[in-house]
>>> print(open('model10.cif').read())   # mmCIF, C-alpha atoms; chains and numbers go by the auth columns
data_input
#
loop_
_atom_site.group_PDB
_atom_site.id
_atom_site.type_symbol
_atom_site.label_atom_id
_atom_site.label_comp_id
_atom_site.label_asym_id
_atom_site.label_seq_id
_atom_site.Cartn_x
_atom_site.Cartn_y
_atom_site.Cartn_z
_atom_site.B_iso_or_equiv
_atom_site.auth_seq_id
_atom_site.auth_asym_id
ATOM 1 C CA MET A 1 42.638 138.290 -102.558 0.00 16 S
ATOM 2 C CA SER A 2 40.124 135.502 -103.195 0.00 17 S
ATOM 3 C CA LYS A 3 37.591 135.967 -105.976 0.00 18 S
ATOM 4 C CA TYR A 4 35.087 133.989 -103.936 0.00 19 S
ATOM 5 C CA LYS A 5 32.462 135.475 -101.669 0.00 20 S
ATOM 6 C CA HIS A 6 30.167 132.473 -101.150 0.00 21 S
ATOM 7 C CA VAL A 7 31.225 128.978 -100.092 0.00 22 S
ATOM 8 C CA PHE A 8 28.690 126.187 -100.462 0.00 23 S
ATOM 9 C CA PHE A 9 29.171 122.945 -98.521 0.00 24 S
ATOM 10 C CA ASP A 10 27.608 119.553 -98.855 0.00 25 S
ATOM 11 C CA LEU A 11 26.548 118.158 -95.456 0.00 26 S
ATOM 12 C CA ASP A 12 26.561 114.344 -95.358 0.00 27 S
ATOM 13 C CA ARG A 13 29.992 112.700 -95.738 0.00 28 S
ATOM 14 C CA THR A 14 31.603 116.140 -96.101 0.00 29 S
ATOM 15 C CA LEU A 15 31.038 117.731 -92.695 0.00 30 S
ATOM 16 C CA TRP A 16 28.622 115.394 -90.886 0.00 31 S
ATOM 17 C CA ASP A 17 30.085 111.876 -90.701 0.00 32 S
ATOM 18 C CA PHE A 18 27.106 110.101 -92.212 0.00 33 S
ATOM 19 C CA ASP A 19 28.556 106.599 -92.211 0.00 34 S
ATOM 20 C CA SER A 20 29.666 106.650 -88.564 0.00 35 S
ATOM 21 C CA ASN A 21 26.487 108.352 -87.358 0.00 36 S
ATOM 22 C CA SER A 22 24.274 106.043 -89.390 0.00 37 S
ATOM 23 C CA LEU A 23 26.125 102.995 -88.097 0.00 38 S
ATOM 24 C CA GLU A 24 25.579 104.122 -84.499 0.00 39 S
ATOM 25 C CA THR A 25 21.881 104.713 -85.176 0.00 40 S
ATOM 26 C CA PHE A 26 21.461 101.335 -86.817 0.00 41 S
ATOM 27 C CA GLN A 27 23.178 99.668 -83.874 0.00 42 S
ATOM 28 C CA ASP A 28 20.648 101.388 -81.613 0.00 43 S
ATOM 29 C CA LEU A 29 17.756 100.024 -83.685 0.00 44 S
ATOM 30 C CA TYR A 30 19.267 96.537 -83.782 0.00 45 S
ATOM 31 C CA ASN A 31 19.354 96.534 -79.982 0.00 46 S
ATOM 32 C CA ILE A 32 16.007 98.279 -79.392 0.00 47 S
ATOM 33 C CA TYR A 33 14.119 95.764 -81.525 0.00 48 S
ATOM 34 C CA ASN A 34 16.194 92.745 -80.432 0.00 49 S
ATOM 35 C CA ILE A 35 16.908 91.899 -84.076 0.00 50 S
ATOM 36 C CA LYS A 36 19.537 89.296 -83.150 0.00 51 S
ATOM 37 C CA ASN A 37 16.964 87.041 -81.522 0.00 52 S
ATOM 38 C CA LEU A 38 13.982 88.094 -83.636 0.00 53 S
ATOM 39 C CA LEU A 39 15.595 87.286 -86.979 0.00 54 S
ATOM 40 C CA ASP A 40 18.522 85.126 -85.881 0.00 55 S
ATOM 41 C CA CYS A 41 21.067 87.288 -87.678 0.00 56 S
ATOM 42 C CA ASN A 42 24.144 89.178 -86.579 0.00 57 S
ATOM 43 C CA PHE A 43 24.477 92.936 -86.785 0.00 58 S
ATOM 44 C CA SER A 44 26.921 92.972 -89.688 0.00 59 S
ATOM 45 C CA ASN A 45 24.696 90.885 -91.976 0.00 60 S
ATOM 46 C CA PHE A 46 21.596 92.896 -91.106 0.00 61 S
ATOM 47 C CA HIS A 47 23.350 96.207 -91.662 0.00 62 S
ATOM 48 C CA ASN A 48 24.880 95.154 -94.983 0.00 63 S
ATOM 49 C CA VAL A 49 21.485 94.071 -96.341 0.00 64 S
ATOM 50 C CA TYR A 50 19.973 97.368 -95.190 0.00 65 S
ATOM 51 C CA LYS A 51 22.727 99.391 -96.890 0.00 66 S
ATOM 52 C CA LYS A 52 22.086 97.561 -100.160 0.00 67 S
ATOM 53 C CA HIS A 53 18.375 98.386 -100.134 0.00 68 S
ATOM 54 C CA ASN A 54 18.892 101.904 -98.806 0.00 69 S
ATOM 55 C CA ASN A 55 21.333 102.761 -101.605 0.00 70 S
ATOM 56 C CA LEU A 56 19.041 101.335 -104.305 0.00 71 S
ATOM 57 C CA LEU A 57 16.004 103.176 -102.980 0.00 72 S
ATOM 58 C CA TRP A 58 17.863 106.476 -102.599 0.00 73 S
ATOM 59 C CA ASP A 59 18.991 106.164 -106.213 0.00 74 S
ATOM 60 C CA ALA A 60 15.373 105.639 -107.269 0.00 75 S
ATOM 61 C CA TYR A 61 14.260 108.577 -105.095 0.00 76 S
ATOM 62 C CA ARG A 62 16.845 110.895 -106.676 0.00 77 S
ATOM 63 C CA LYS A 63 15.500 109.916 -110.095 0.00 78 S
ATOM 64 C CA GLY A 64 11.953 110.722 -109.002 0.00 79 S
ATOM 65 C CA GLU A 65 10.834 107.093 -109.323 0.00 80 S
ATOM 66 C CA ILE A 66 9.607 106.735 -105.726 0.00 81 S
ATOM 67 C CA LYS A 67 8.330 109.012 -102.974 0.00 82 S
ATOM 68 C CA LYS A 68 9.941 109.851 -99.643 0.00 83 S
ATOM 69 C CA ASP A 69 7.521 107.805 -97.520 0.00 84 S
ATOM 70 C CA TYR A 70 8.077 104.727 -99.665 0.00 85 S
ATOM 71 C CA LEU A 71 11.850 105.027 -99.306 0.00 86 S
ATOM 72 C CA SER A 72 11.696 105.566 -95.545 0.00 87 S
ATOM 73 C CA VAL A 73 9.682 102.430 -94.818 0.00 88 S
ATOM 74 C CA HIS A 74 10.667 100.032 -97.574 0.00 89 S
ATOM 75 C CA ARG A 75 14.407 100.207 -96.929 0.00 90 S
ATOM 76 C CA PHE A 76 13.559 98.505 -93.635 0.00 91 S
ATOM 77 C CA LEU A 77 10.765 96.288 -94.977 0.00 92 S
ATOM 78 C CA PHE A 78 12.919 94.926 -97.806 0.00 93 S
ATOM 79 C CA THR A 79 15.702 94.268 -95.299 0.00 94 S
ATOM 80 C CA LEU A 80 13.358 92.405 -92.950 0.00 95 S
ATOM 81 C CA ASN A 81 11.999 90.433 -95.932 0.00 96 S
ATOM 82 C CA GLU A 82 15.436 89.015 -96.684 0.00 97 S
ATOM 83 C CA PHE A 83 15.474 87.489 -93.218 0.00 98 S
ATOM 84 C CA GLY A 84 12.018 85.975 -93.570 0.00 99 S
ATOM 85 C CA CYS A 85 10.069 88.734 -91.833 0.00 100 S
ATOM 86 C CA ASN A 86 7.203 90.585 -93.522 0.00 101 S
ATOM 87 C CA ASP A 87 6.178 92.770 -90.572 0.00 102 S
ATOM 88 C CA LEU A 88 5.128 96.124 -92.028 0.00 103 S
ATOM 89 C CA LYS A 89 4.424 97.573 -88.580 0.00 104 S
ATOM 90 C CA LEU A 90 7.954 96.769 -87.456 0.00 105 S
ATOM 91 C CA ALA A 91 9.361 98.417 -90.601 0.00 106 S
ATOM 92 C CA VAL A 92 7.296 101.546 -89.962 0.00 107 S
ATOM 93 C CA ASN A 93 8.448 101.705 -86.327 0.00 108 S
ATOM 94 C CA MET A 94 12.100 101.266 -87.293 0.00 109 S
ATOM 95 C CA SER A 95 11.736 103.935 -89.971 0.00 110 S
ATOM 96 C CA GLU A 96 10.244 106.415 -87.522 0.00 111 S
ATOM 97 C CA ASP A 97 12.912 105.706 -84.897 0.00 112 S
ATOM 98 C CA TYR A 98 15.724 106.007 -87.435 0.00 113 S
ATOM 99 C CA ILE A 99 14.506 109.449 -88.479 0.00 114 S
ATOM 100 C CA LYS A 100 14.196 110.440 -84.816 0.00 115 S
ATOM 101 C CA LEU A 101 17.546 109.053 -83.616 0.00 116 S
ATOM 102 C CA SER A 102 19.837 109.695 -86.570 0.00 117 S
ATOM 103 C CA PRO A 103 19.954 113.523 -86.391 0.00 118 S
ATOM 104 C CA GLN A 104 20.816 113.313 -82.689 0.00 119 S
ATOM 105 C CA LYS A 105 24.218 111.891 -83.601 0.00 120 S
ATOM 106 C CA ASN A 106 26.893 114.550 -83.982 0.00 121 S
ATOM 107 C CA LEU A 107 30.140 113.008 -85.214 0.00 122 S
ATOM 108 C CA LEU A 108 31.857 115.359 -87.661 0.00 123 S
ATOM 109 C CA PHE A 109 34.887 114.892 -89.890 0.00 124 S
ATOM 110 C CA PRO A 110 38.271 115.997 -88.494 0.00 125 S
ATOM 111 C CA HIS A 111 38.976 119.749 -88.619 0.00 126 S
ATOM 112 C CA THR A 112 35.348 120.665 -89.409 0.00 127 S
ATOM 113 C CA HIS A 113 35.071 123.336 -86.698 0.00 128 S
ATOM 114 C CA GLU A 114 38.588 124.650 -87.361 0.00 129 S
ATOM 115 C CA VAL A 115 37.933 125.080 -91.083 0.00 130 S
ATOM 116 C CA LEU A 116 34.490 126.624 -90.673 0.00 131 S
ATOM 117 C CA THR A 117 35.732 129.036 -88.006 0.00 132 S
ATOM 118 C CA HIS A 118 38.452 130.187 -90.412 0.00 133 S
ATOM 119 C CA LEU A 119 36.153 130.519 -93.414 0.00 134 S
ATOM 120 C CA GLN A 120 33.368 132.242 -91.533 0.00 135 S
ATOM 121 C CA LYS A 121 35.576 135.294 -91.019 0.00 136 S
ATOM 122 C CA LYS A 122 35.989 135.836 -94.765 0.00 137 S
ATOM 123 C CA TYR A 123 33.075 134.247 -96.630 0.00 138 S
ATOM 124 C CA TYR A 124 29.336 133.728 -96.577 0.00 139 S
ATOM 125 C CA LEU A 125 28.865 130.022 -95.827 0.00 140 S
ATOM 126 C CA HIS A 126 25.924 127.944 -97.061 0.00 141 S
ATOM 127 C CA ILE A 127 24.876 124.285 -97.105 0.00 142 S
ATOM 128 C CA ILE A 128 23.313 122.471 -100.060 0.00 143 S
ATOM 129 C CA THR A 129 22.186 118.992 -99.042 0.00 144 S
ATOM 130 C CA ASN A 130 20.013 116.223 -100.389 0.00 145 S
ATOM 131 C CA GLY A 131 17.714 114.846 -97.729 0.00 146 S
ATOM 132 C CA PHE A 132 14.593 115.302 -95.667 0.00 147 S
ATOM 133 C CA ILE A 133 13.725 118.588 -93.989 0.00 148 S
ATOM 134 C CA GLU A 134 12.937 117.100 -90.577 0.00 149 S
ATOM 135 C CA VAL A 135 16.298 115.313 -90.512 0.00 150 S
ATOM 136 C CA GLN A 136 18.815 117.691 -92.089 0.00 151 S
ATOM 137 C CA TYR A 137 17.959 120.805 -90.057 0.00 152 S
ATOM 138 C CA LYS A 138 18.263 118.795 -86.843 0.00 153 S
ATOM 139 C CA LYS A 139 21.630 117.393 -87.895 0.00 154 S
ATOM 140 C CA ILE A 140 22.932 120.902 -88.529 0.00 155 S
ATOM 141 C CA LYS A 141 21.710 122.193 -85.174 0.00 156 S
ATOM 142 C CA ASN A 142 22.577 119.189 -83.002 0.00 157 S
ATOM 143 C CA SER A 143 26.132 118.992 -84.320 0.00 158 S
ATOM 144 C CA GLY A 144 26.756 122.701 -83.690 0.00 159 S
ATOM 145 C CA LEU A 145 27.069 123.626 -87.361 0.00 160 S
ATOM 146 C CA ASP A 146 24.233 126.134 -87.429 0.00 161 S
ATOM 147 C CA LYS A 147 26.368 128.950 -86.047 0.00 162 S
ATOM 148 C CA TYR A 148 28.580 128.964 -89.146 0.00 163 S
ATOM 149 C CA PHE A 149 26.038 129.004 -91.949 0.00 164 S
ATOM 150 C CA THR A 150 23.976 131.848 -93.358 0.00 165 S
ATOM 151 C CA THR A 151 21.716 129.552 -95.375 0.00 166 S
ATOM 152 C CA ALA A 152 20.850 125.861 -95.598 0.00 167 S
ATOM 153 C CA ILE A 153 19.242 124.613 -98.801 0.00 168 S
ATOM 154 C CA ILE A 154 17.645 121.182 -98.455 0.00 169 S
ATOM 155 C CA SER A 155 16.569 119.313 -101.575 0.00 170 S
ATOM 156 C CA GLU A 156 13.114 118.434 -100.283 0.00 171 S
ATOM 157 C CA GLU A 157 12.460 122.124 -99.655 0.00 172 S
ATOM 158 C CA ALA A 158 13.981 123.265 -102.947 0.00 173 S
ATOM 159 C CA GLY A 159 12.058 120.723 -104.997 0.00 174 S
ATOM 160 C CA PHE A 160 15.221 119.514 -106.747 0.00 175 S
ATOM 161 C CA GLN A 161 18.097 117.241 -105.766 0.00 176 S
ATOM 162 C CA LYS A 162 21.776 117.461 -106.564 0.00 177 S
ATOM 163 C CA PRO A 163 23.120 116.970 -109.213 0.00 178 S
ATOM 164 C CA ASP A 164 20.105 118.601 -110.901 0.00 179 S
ATOM 165 C CA LYS A 165 21.292 122.021 -112.010 0.00 180 S
ATOM 166 C CA GLN A 166 18.045 123.553 -110.774 0.00 181 S
ATOM 167 C CA ILE A 167 19.009 123.132 -107.113 0.00 182 S
ATOM 168 C CA PHE A 168 22.218 125.062 -107.766 0.00 183 S
ATOM 169 C CA TYR A 169 20.337 127.837 -109.557 0.00 184 S
ATOM 170 C CA PHE A 170 17.846 127.834 -106.671 0.00 185 S
ATOM 171 C CA SER A 171 20.720 128.122 -104.172 0.00 186 S
ATOM 172 C CA LEU A 172 22.370 130.999 -106.012 0.00 187 S
ATOM 173 C CA GLU A 173 19.094 132.893 -106.157 0.00 188 S
ATOM 174 C CA LYS A 174 18.237 132.226 -102.507 0.00 189 S
ATOM 175 C CA THR A 175 21.640 133.375 -101.256 0.00 190 S
ATOM 176 C CA GLY A 176 22.059 136.272 -103.674 0.00 191 S
ATOM 177 C CA ALA A 177 25.310 134.759 -104.937 0.00 192 S
ATOM 178 C CA LYS A 178 26.749 134.766 -108.432 0.00 193 S
ATOM 179 C CA ALA A 179 28.193 131.568 -109.879 0.00 194 S
ATOM 180 C CA GLU A 180 31.541 133.192 -110.647 0.00 195 S
ATOM 181 C CA GLU A 181 32.035 134.279 -107.034 0.00 196 S
ATOM 182 C CA SER A 182 30.996 130.940 -105.531 0.00 197 S
ATOM 183 C CA ILE A 183 32.662 127.610 -104.820 0.00 198 S
ATOM 184 C CA MET A 184 31.131 124.232 -103.908 0.00 199 S
ATOM 185 C CA ILE A 185 32.763 121.758 -101.515 0.00 200 S
ATOM 186 C CA GLY A 186 31.607 118.149 -101.402 0.00 201 S
ATOM 187 C CA ASP A 187 32.604 114.487 -101.276 0.00 202 S
ATOM 188 C CA ASP A 188 30.483 113.179 -104.160 0.00 203 S
ATOM 189 C CA LEU A 189 32.133 113.671 -107.520 0.00 204 S
ATOM 190 C CA LYS A 190 28.944 113.331 -109.560 0.00 205 S
ATOM 191 C CA VAL A 191 26.405 114.872 -107.202 0.00 206 S
ATOM 192 C CA ASP A 192 28.343 117.779 -105.663 0.00 207 S
ATOM 193 C CA ILE A 193 31.282 118.513 -107.929 0.00 208 S
ATOM 194 C CA LEU A 194 29.996 117.878 -111.444 0.00 209 S
ATOM 195 C CA GLY A 195 26.610 119.188 -110.362 0.00 210 S
ATOM 196 C CA ALA A 196 28.164 122.540 -109.444 0.00 211 S
ATOM 197 C CA LYS A 197 30.472 122.565 -112.458 0.00 212 S
ATOM 198 C CA GLN A 198 27.571 122.397 -114.924 0.00 213 S
ATOM 199 C CA VAL A 199 26.275 125.792 -113.709 0.00 214 S
ATOM 200 C CA GLY A 200 29.687 127.487 -113.655 0.00 215 S
ATOM 201 C CA ILE A 201 30.450 127.156 -109.932 0.00 216 S
ATOM 202 C CA ASP A 202 34.049 126.280 -109.035 0.00 217 S
ATOM 203 C CA GLN A 203 34.555 123.186 -106.928 0.00 218 S
ATOM 204 C CA ILE A 204 36.666 121.613 -104.200 0.00 219 S
ATOM 205 C CA PHE A 205 36.393 117.822 -104.331 0.00 220 S
ATOM 206 C CA TYR A 206 36.794 116.446 -100.790 0.00 221 S
ATOM 207 C CA ASN A 207 38.241 113.120 -101.913 0.00 222 S
ATOM 208 C CA ASN A 208 39.081 111.544 -98.573 0.00 223 S
ATOM 209 C CA SER A 209 38.542 108.031 -99.923 0.00 224 S
ATOM 210 C CA GLY A 210 41.057 108.368 -102.760 0.00 225 S
ATOM 211 C CA ILE A 211 38.643 107.904 -105.665 0.00 226 S
ATOM 212 C CA GLN A 212 40.411 107.662 -109.023 0.00 227 S
ATOM 213 C CA HIS A 213 38.930 109.832 -111.773 0.00 228 S
ATOM 214 C CA ASN A 214 39.744 111.807 -114.911 0.00 229 S
ATOM 215 C CA GLU A 215 37.411 114.750 -114.368 0.00 230 S
ATOM 216 C CA LYS A 216 38.710 118.287 -114.689 0.00 231 S
ATOM 217 C CA ILE A 217 37.803 119.993 -111.441 0.00 232 S
ATOM 218 C CA THR A 218 38.971 123.215 -109.825 0.00 233 S
ATOM 219 C CA PHE A 219 40.577 121.834 -106.652 0.00 234 S
ATOM 220 C CA GLU A 220 40.895 118.514 -104.863 0.00 235 S
ATOM 221 C CA VAL A 221 41.804 117.786 -101.225 0.00 236 S
ATOM 222 C CA ASP A 222 41.990 114.671 -99.062 0.00 237 S
ATOM 223 C CA SER A 223 41.532 116.562 -95.785 0.00 238 S
ATOM 224 C CA LEU A 224 39.185 119.375 -94.847 0.00 239 S
ATOM 225 C CA LYS A 225 42.097 121.226 -93.295 0.00 240 S
ATOM 226 C CA LYS A 226 43.680 121.690 -96.744 0.00 241 S
ATOM 227 C CA ILE A 227 40.716 123.855 -97.749 0.00 242 S
ATOM 228 C CA ILE A 228 42.305 126.615 -95.655 0.00 243 S
ATOM 229 C CA ASN A 229 45.261 126.657 -98.057 0.00 244 S
ATOM 230 C CA ILE A 230 42.900 127.233 -100.978 0.00 245 S
ATOM 231 C CA LEU A 231 40.549 129.704 -99.302 0.00 246 S
ATOM 232 C CA ASN A 232 43.138 131.515 -97.196 0.00 247 S
#
>>> encode(input="model10.cif", output="structure tokens")
Amino acid sequence: MSKYKHVFFDLDRTLWDFDSNSLETFQDLYNIYNIKNLLDCNFSNFHNVYKKHNNLLWDAYRKGEIKKDYLSVHRFLFTLNEFGCNDLKLAVNMSEDYIKLSPQKNLLFPHTHEVLTHLQKKYYLHIITNGFIEVQYKKIKNSGLDKYFTTAIISEEAGFQKPDKQIFYFSLEKTGAKAEESIMIGDDLKVDILGAKQVGIDQIFYNNSGIQHNEKITFEVDSLKKIINILN
């Protein structure tokens, strides 16, 4: 019999296919704003420049160096700047549309529903996710994940972001779980896995991209379906 009672999941890139959904959303924006003709650049170049700025700004946001509104707009403004455009209004419009369109996408990783249906019969399921309130709750609902989870903890609401140990303590308190009877499942070794480990929560590293590492973790899988073998 499993010692676990509570299973915590990351959302983006663990259940919700962030990269595919984000790519679809960005393609929508590229077409809506006629970026090809406006900036004379192809989709791939525009998207790659955006990803560079988005990743840098998210890293700064996680460190508390910038605010949410700055991140939301400037990831687009900095991208436009690289193609010779300094249109703040356009950046604001793209930011608002991205936040509106992105959570409407609902691509999930293979076996998500199968695994959650299995686990729901035996465990209390919760989500711990970094992100914005107005986006993450909609993602969960629109992709049909809400029916599986007892609790969703979103970093903006909690006031802390993974891997800060405080968000894990916050999550344990909110769900009434004890660290020793909980397990965290996520795709990010530093943010999800080592974040949970530092507060005594066991971990399942969803390593579907084959990342090489030397960390001592509780379990590791390359497919969500293999979680059933661990939490049977």
>>> residues_around(input="model10.cif", residues="S:Asp202", least_positions_apart="6", cutoff="10 Å", atoms="only C-alpha atoms", output="PyMOL selection string")
chain S and resi 24-30+208+219-224+226+235-237
>>> atom_distance(input="model10.cif", atom1="atom CA of S:Leu140", atom2="atom CA of S:Thr165")
5.8 Å
>>> atom_distance(input="model10.cif", atom1="atom CA of S:Gly159", atom2="atom CA of S:Glu195")
29.3 Å
>>> residues_near_point(input="model10.cif", point="(26.7, 98.2, -86.5)", cutoff="9 Å", atoms="all atoms listed in the file", output="list in words")
Ser37, Leu38, Glu39, Thr40, Phe41, Gln42, Asp43, Tyr45, Phe58, Ser59, Phe61 and His62 of chain S
>>> residues_around(input="model10.cif", residues="stretch 67-81 of chain S", least_positions_apart="2", cutoff="10 Å", atoms="only C-alpha atoms", output="ChimeraX atom specification")
/S:62-65,83-87,89-94,145-146,170,175-179
>>> closest_residue(input="model10.cif", among="S:Ser158, S:Ser35, S:Ser238, S:Asn101", to="S:Pro125", atoms="all atoms listed in the file")
S:Ser238
>>> residues_around(input="model10.cif", residues="S:Asn244", least_positions_apart="2", cutoff="12 Å", atoms="all atoms listed in the file", output="PyMOL selection string")
chain S and resi 17+130+133-134+219+234-236+238-242+246-247
>>> atom_distance(input="model10.cif", atom1="atom CA of S:Lys115", atom2="atom CA of S:Thr166")
23.1 Å
>>> closest_residue(input="model10.cif", among="S:Trp31, S:Tyr113, S:Tyr139, S:Tyr184", to="S:Asn157", atoms="only C-alpha atoms")
S:Trp31
>>> closest_residue(input="model10.cif", among="S:Phe33, S:Ile243, S:Ile168, S:Asn60", to="S:Leu123", atoms="only C-alpha atoms")
S:Phe33
>>> resolve_selection(input="model10.cif", expression="the PyMOL selection byres ((chain S and resi 150) around 10)", output="PDB file with C-alpha atoms, keeping the file's coordinate frame")
ATOM      1  CA  TYR S 113      15.724 106.007 -87.435  1.00  0.00           C
ATOM      2  CA  ILE S 114      14.506 109.449 -88.479  1.00  0.00           C
ATOM      3  CA  LYS S 115      14.196 110.440 -84.816  1.00  0.00           C
ATOM      4  CA  LEU S 116      17.546 109.053 -83.616  1.00  0.00           C
ATOM      5  CA  SER S 117      19.837 109.695 -86.570  1.00  0.00           C
ATOM      6  CA  PRO S 118      19.954 113.523 -86.391  1.00  0.00           C
ATOM      7  CA  GLN S 119      20.816 113.313 -82.689  1.00  0.00           C
ATOM      8  CA  GLY S 146      17.714 114.846 -97.729  1.00  0.00           C
ATOM      9  CA  PHE S 147      14.593 115.302 -95.667  1.00  0.00           C
ATOM     10  CA  ILE S 148      13.725 118.588 -93.989  1.00  0.00           C
ATOM     11  CA  GLU S 149      12.937 117.100 -90.577  1.00  0.00           C
ATOM     12  CA  GLN S 151      18.815 117.691 -92.089  1.00  0.00           C
ATOM     13  CA  TYR S 152      17.959 120.805 -90.057  1.00  0.00           C
ATOM     14  CA  LYS S 153      18.263 118.795 -86.843  1.00  0.00           C
ATOM     15  CA  LYS S 154      21.630 117.393 -87.895  1.00  0.00           C
ATOM     16  CA  ILE S 155      22.932 120.902 -88.529  1.00  0.00           C
ATOM     17  CA  ILE S 169      17.645 121.182 -98.455  1.00  0.00           C
TER      18      ILE S 169
END
>>> closest_residue(input="model10.cif", among="S:Gly174, S:Gly215, S:Gly210, S:Gly225", to="S:Ser197", atoms="all atoms listed in the file")
S:Gly215
>>> closest_residue(input="model10.cif", among="S:Gln218, S:Leu95, S:Tyr19, S:Asp207", to="S:Thr144", atoms="all atoms listed in the file")
S:Asp207
>>> residues_around(input="model10.cif", residues="stretch 51-54 of chain S", least_positions_apart="3", cutoff="8 Å", atoms="all atoms listed in the file", output="list of chain:residue names")
S:Tyr45, S:Asn46, S:Tyr48, S:Asn57, S:Phe58, S:Phe98, S:Gly99, S:Cys100
>>> resolve_selection(input="model10.cif", expression="the PyMOL selection byres ((chain S and resi 122) around 7)", output="list in words")
Trp31, Asp32, Asn36, Lys120, Asn121, Leu123 and Phe124 of chain S
>>> closest_residue(input="model10.cif", among="S:Ser186, S:Ala211, S:Lys205, S:Val88", to="S:Glu111", atoms="all atoms listed in the file")
S:Val88
>>> resolve_selection(input="model10.cif", expression="the PyMOL selection byres ((chain S and resi 230) around 9)", output="PyMOL selection string")
chain S and resi 204+209+228-229+231-232
>>> write_last_selection(input="model10.cif", atoms="C-alpha atoms", output="compact mmCIF listing (two decimals), keeping the file's coordinate frame")
# COMPACT_ATOMS: atom_id res chain seq x y z
CA LEU S 204 32.13 113.67 -107.52
CA LEU S 209 30.00 117.88 -111.44
CA HIS S 228 38.93 109.83 -111.77
CA ASN S 229 39.74 111.81 -114.91
CA LYS S 231 38.71 118.29 -114.69
CA ILE S 232 37.80 119.99 -111.44
